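Text of run_22.pdb (PDB, C-alpha atoms) as supplied:
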ATOM      1  CA  MET A   1       0.000   0.000   0.000
ATOM      2  CA  PHE A   2       2.576   2.557   1.087
ATOM      3  CA  ASP A   3       6.132   2.347  -0.141
ATOM      4  CA  ILE A   4       7.847   2.630   3.252
ATOM      5  CA  GLY A   5      11.272   1.135   3.846
ATOM      6  CA  PHE A   6      12.984   0.105   7.072
ATOM      7  CA  ALA A   7      14.748   3.468   7.483
ATOM      8  CA  GLU A   8      11.437   5.366   7.331
ATOM      9  CA  LEU A   9       9.910   3.025   9.925
ATOM     10  CA  VAL A  10      12.808   3.643  12.325
ATOM     11  CA  ILE A  11      12.412   7.424  11.899
ATOM     12  CA  ILE A  12       8.636   7.208  12.507
ATOM     13  CA  GLY A  13       9.254   5.067  15.624
ATOM     14  CA  VAL A  14      11.797   7.512  17.057
ATOM     15  CA  VAL A  15       9.558  10.540  16.392
ATOM     16  CA  GLY A  16       6.575   8.693  17.937
ATOM     17  CA  LEU A  17       8.620   7.784  20.995
ATOM     18  CA  LEU A  18       9.711  11.402  21.464
ATOM     19  CA  VAL A  19       6.268  12.939  20.831
ATOM     20  CA  ILE A  20       3.992  10.417  22.578
ATOM     21  CA  GLY A  21       6.340   9.098  25.224
ATOM     22  CA  PRO A  22       7.346   5.592  26.233
ATOM     23  CA  GLU A  23       4.266   5.040  28.519
ATOM     24  CA  ARG A  24       1.569   5.713  25.911
ATOM     25  CA  LEU A  25       3.392   4.450  22.799
ATOM     26  CA  PRO A  26       2.238   0.761  23.019
ATOM     27  CA  SER A  27      -1.460   1.714  23.424
ATOM     28  CA  THR A  28      -1.161   4.270  20.613
ATOM     29  CA  ILE A  29       0.336   1.618  18.300
ATOM     30  CA  ARG A  30      -2.534  -0.800  19.163
ATOM     31  CA  THR A  31      -5.139   1.914  18.500
ATOM     32  CA  THR A  32      -3.476   2.818  15.200
ATOM     33  CA  GLN A  33      -3.432  -0.858  14.151
ATOM     34  CA  LEU A  34      -7.141  -1.155  15.058
ATOM     35  CA  TRP A  35      -8.017   1.865  12.903
ATOM     36  CA  ILE A  36      -5.901   0.588  10.020
ATOM     37  CA  ARG A  37      -7.659  -2.818  10.197
ATOM     38  CA  ARG A  38     -11.084  -1.129  10.220
ATOM     39  CA  LEU A  39     -10.189   1.062   7.232
ATOM     40  CA  LYS A  40      -8.801  -1.924   5.382
ATOM     41  CA  GLY A  41     -11.965  -3.927   6.145
ATOM     42  CA  ASN A  42     -14.168  -1.060   4.965
ATOM     43  CA  PHE A  43     -12.183  -0.735   1.745
ATOM     44  CA  ASP A  44     -12.467  -4.495   1.175
ATOM     45  CA  GLU A  45     -16.231  -4.350   1.771
ATOM     46  CA  ILE A  46     -16.592  -1.446  -0.669
ATOM     47  CA  LYS A  47     -14.489  -3.366  -3.188
ATOM     48  CA  ARG A  48     -16.723  -6.453  -2.833
ATOM     49  CA  GLU A  49     -19.874  -4.345  -3.284
ATOM     50  CA  LEU A  50     -18.449  -2.714  -6.394
ATOM     51  CA  GLU A  51     -17.469  -6.085  -7.836
ATOM     52  CA  ARG A  52     -20.944  -7.433  -7.063
ATOM     53  CA  ASP A  53     -22.553  -4.391  -8.716
ATOM     54  CA  LEU A  54     -20.295  -4.733 -11.746
ATOM     55  CA  HIS A  55     -21.137  -8.431 -11.946
ATOM     56  CA  ASN A  56     -24.845  -7.556 -11.728
ATOM     57  CA  ASP A  57     -24.337  -4.991 -14.493
ATOM     58  CA  GLU A  58     -22.709  -7.661 -16.648
ATOM     59  CA  ILE A  59     -25.627 -10.005 -16.013
ATOM     60  CA  MET A  60     -28.122  -7.256 -16.829
ATOM     61  CA  GLN A  61     -26.231  -6.504 -20.061
ATOM     62  CA  GLN A  62     -26.348 -10.191 -21.019
ATOM     63  CA  LEU A  63     -30.084 -10.251 -20.266
ATOM     64  CA  ARG A  64     -30.622  -7.184 -22.454
ATOM     65  CA  GLU A  65     -28.705  -8.832 -25.306
ATOM     66  CA  THR A  66     -30.709 -12.036 -24.921
ATOM     67  CA  LYS A  67     -33.955 -10.054 -24.891
ATOM     68  CA  GLN A  68     -32.889  -8.279 -28.082
ATOM     69  CA  GLU A  69     -32.088 -11.616 -29.778
ATOM     70  CA  ILE A  70     -35.441 -13.070 -28.732
ATOM     71  CA  THR A  71     -37.259  -9.970 -29.975
ATOM     72  CA  GLU A  72     -35.491 -10.202 -33.339
ATOM     73  CA  SER A  73     -36.302 -13.923 -33.630
ATOM     74  CA  THR A  74     -39.931 -13.286 -32.736
ATOM     75  CA  SER A  75     -40.240 -10.532 -35.321
ATOM     76  CA  ALA A  76     -38.666 -12.783 -37.965
ATOM     77  CA  VAL A  77     -41.143 -15.548 -37.163
ATOM     78  CA  SER A  78     -44.011 -13.037 -37.266
ATOM     79  CA  ASP A  79     -42.831 -11.834 -40.679
ATOM     80  CA  ASN A  80     -42.710 -15.436 -41.958
ATOM     81  CA  ILE A  81     -46.203 -16.083 -40.651
ATOM     82  CA  GLY A  82     -47.429 -12.912 -42.344
ATOM     83  CA  GLU A  83     -45.885 -14.009 -45.636
ATOM     84  CA  LEU A  84     -47.499 -17.442 -45.355
ATOM     85  CA  LYS A  85     -50.857 -15.869 -44.583
ATOM     86  CA  SER A  86     -50.665 -13.553 -47.588
ATOM     87  CA  THR A  87     -49.610 -16.457 -49.808
ATOM     88  CA  LEU A  88     -52.587 -18.505 -48.649
ATOM     89  CA  GLU A  89     -54.942 -15.559 -49.150
ATOM     90  CA  GLN A  90     -53.619 -15.100 -52.691
ATOM     91  CA  ALA A  91     -54.064 -18.806 -53.362
ATOM     92  CA  VAL A  92     -57.666 -18.686 -52.196
ATOM     93  CA  GLU A  93     -58.364 -15.542 -54.197
ATOM     94  CA  SER A  94     -56.879 -16.987 -57.385
ATOM     95  CA  ASP A  95     -59.059 -20.086 -57.118
ATOM     96  CA  PHE A  96     -55.994 -22.199 -56.644
ATOM     97  CA  LEU A  97     -57.963 -24.507 -54.380
ATOM     98  CA  ASP A  98     -60.819 -25.120 -56.876
ATOM     99  CA  PRO A  99     -59.038 -27.971 -58.748
ATOM    100  CA  ILE A 100     -58.259 -29.559 -55.421
ATOM    101  CA  GLN A 101     -61.913 -29.245 -54.409
ATOM    102  CA  HIS A 102     -63.046 -30.878 -57.660
ATOM    103  CA  GLN A 103     -60.633 -33.749 -57.122
ATOM    104  CA  THR A 104     -61.917 -34.382 -53.620
ATOM    105  CA  ASP A 105     -65.525 -34.240 -54.833
ATOM    106  CA  ALA A 106     -64.665 -36.740 -57.578
ATOM    107  CA  GLY A 107     -62.951 -38.947 -55.033
ATOM    108  CA  ARG A 108     -66.027 -38.933 -52.829
ATOM    109  CA  ALA A 109     -68.202 -39.874 -55.778
ATOM    110  CA  ILE A 110     -65.913 -42.803 -56.569
ATOM    111  CA  GLU A 111     -65.981 -44.024 -52.998
ATOM    112  CA  LYS A 112     -69.796 -44.331 -52.907
ATOM    113  CA  PRO A 113     -71.001 -47.801 -53.898
ATOM    114  CA  LYS A 114     -72.944 -47.886 -57.144
ATOM    115  CA  PRO A 115     -76.006 -50.092 -57.474
ATOM    116  CA  ASP A 116     -75.619 -53.194 -59.605
ATOM    117  CA  PRO A 117     -77.882 -52.883 -62.667
ATOM    118  CA  ASP A 118     -78.371 -56.680 -62.864
ATOM    119  CA  SER A 119     -79.705 -57.008 -59.333
ATOM    120  CA  THR A 120     -83.300 -56.577 -58.250
ATOM    121  CA  PRO A 121     -84.484 -53.311 -56.741
ATOM    122  CA  ALA A 122     -84.758 -54.930 -53.302
ATOM    123  CA  GLU A 123     -81.072 -55.876 -53.375
ATOM    124  CA  ASN A 124     -80.106 -52.330 -54.328
ATOM    125  CA  SER A 125     -81.900 -50.719 -51.417
ATOM    126  CA  ASP A 126     -80.391 -50.315 -48.015
ATOM    127  CA  SER A 127     -80.819 -53.259 -45.628
ATOM    128  CA  SER A 128     -82.292 -51.030 -42.935
ATOM    129  CA  THR A 129     -85.277 -50.225 -45.200
ATOM    130  CA  GLN A 130     -86.039 -53.898 -45.967
ATOM    131  CA  LYS A 131     -88.866 -55.506 -44.079
ATOM    132  CA  PRO A 132     -88.225 -58.834 -42.392
ATOM    133  CA  ASP A 133     -89.641 -61.946 -44.033
ATOM    134  CA  PRO A 134     -92.836 -63.021 -42.177
ATOM    135  CA  SER A 135     -92.135 -66.727 -42.544
TER     136      SER A 135
END
Written as structure tokens, that's how I'd like the structure from this file.
Amino acid sequence: MFDIGFAELVIIGVVGLLVIGPERLPSTIRTTQLWIRRLKGNFDEIKRELERDLHNDEIMQQLRETKQEITESTSAVSDNIGELKSTLEQAVESDFLDPIQHQTDAGRAIEKPKPDPDSTPAENSDSSTQKPDPS
């Protein structure tokens, strides 16, 4: 922290001994050490809080970037959906689906059973409409 060599410490000790006196010097050194420890602890606590705040700022920045990416992806998907919707609307307007509708109608007509022209009318009718034989 401070660039103090051994010679400076000896000078400070001698001046302290002359100014404070030999009786009060040990208690003054203890009090000075206590204050230095408290200041050092306070500086460490402030440093930790700043690091925590900086870390929180980094996290918030990452969250903002992620939000931006999600917003861009969502808008791209919305644009694609809009394009698909307009394409489908154009297809419906241009009667693109009419040939498909005719094919499905023709397919339904093919699927229905046709009556056999050689059979009797009773055989051609539905079994639920036939009356049971009385015998």
| task | Dump as number ranges by chain all residues having an atom at most 12 Å from (9.3, 6.9, 16.1), computed in the file's coordinates with all atoms listed in the file. | result | A: 6-22, 25-26, 28-29
| query | Which value, in Å to one decimal, gives the distance between atom CA of Leu50 of chain A and atom CA of Thr66 of chain A? | reply |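 Separation between atom CA of Leu50 of chain A and atom CA of Thr66 of chain A: 24.1 Å.
A straight line drawn from atom CA of Glu69 of chain A to atom CA of Ile81 of chain A is 18.4 Å long.
The interatomic distance for the pair atom CA of Asp3 of chain A and atom CA of Ile36 of chain A works out to 15.8 Å.
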Centre and edges of the segment 80-88 of chain A box, axis-aligned, 8 Å extra per side, as AutoDock Vina command-line options:
--center_x -47.6 --center_y -15.7 --center_z -45.2 --size_x 25.9 --size_y 21.6 --size_z 25.2
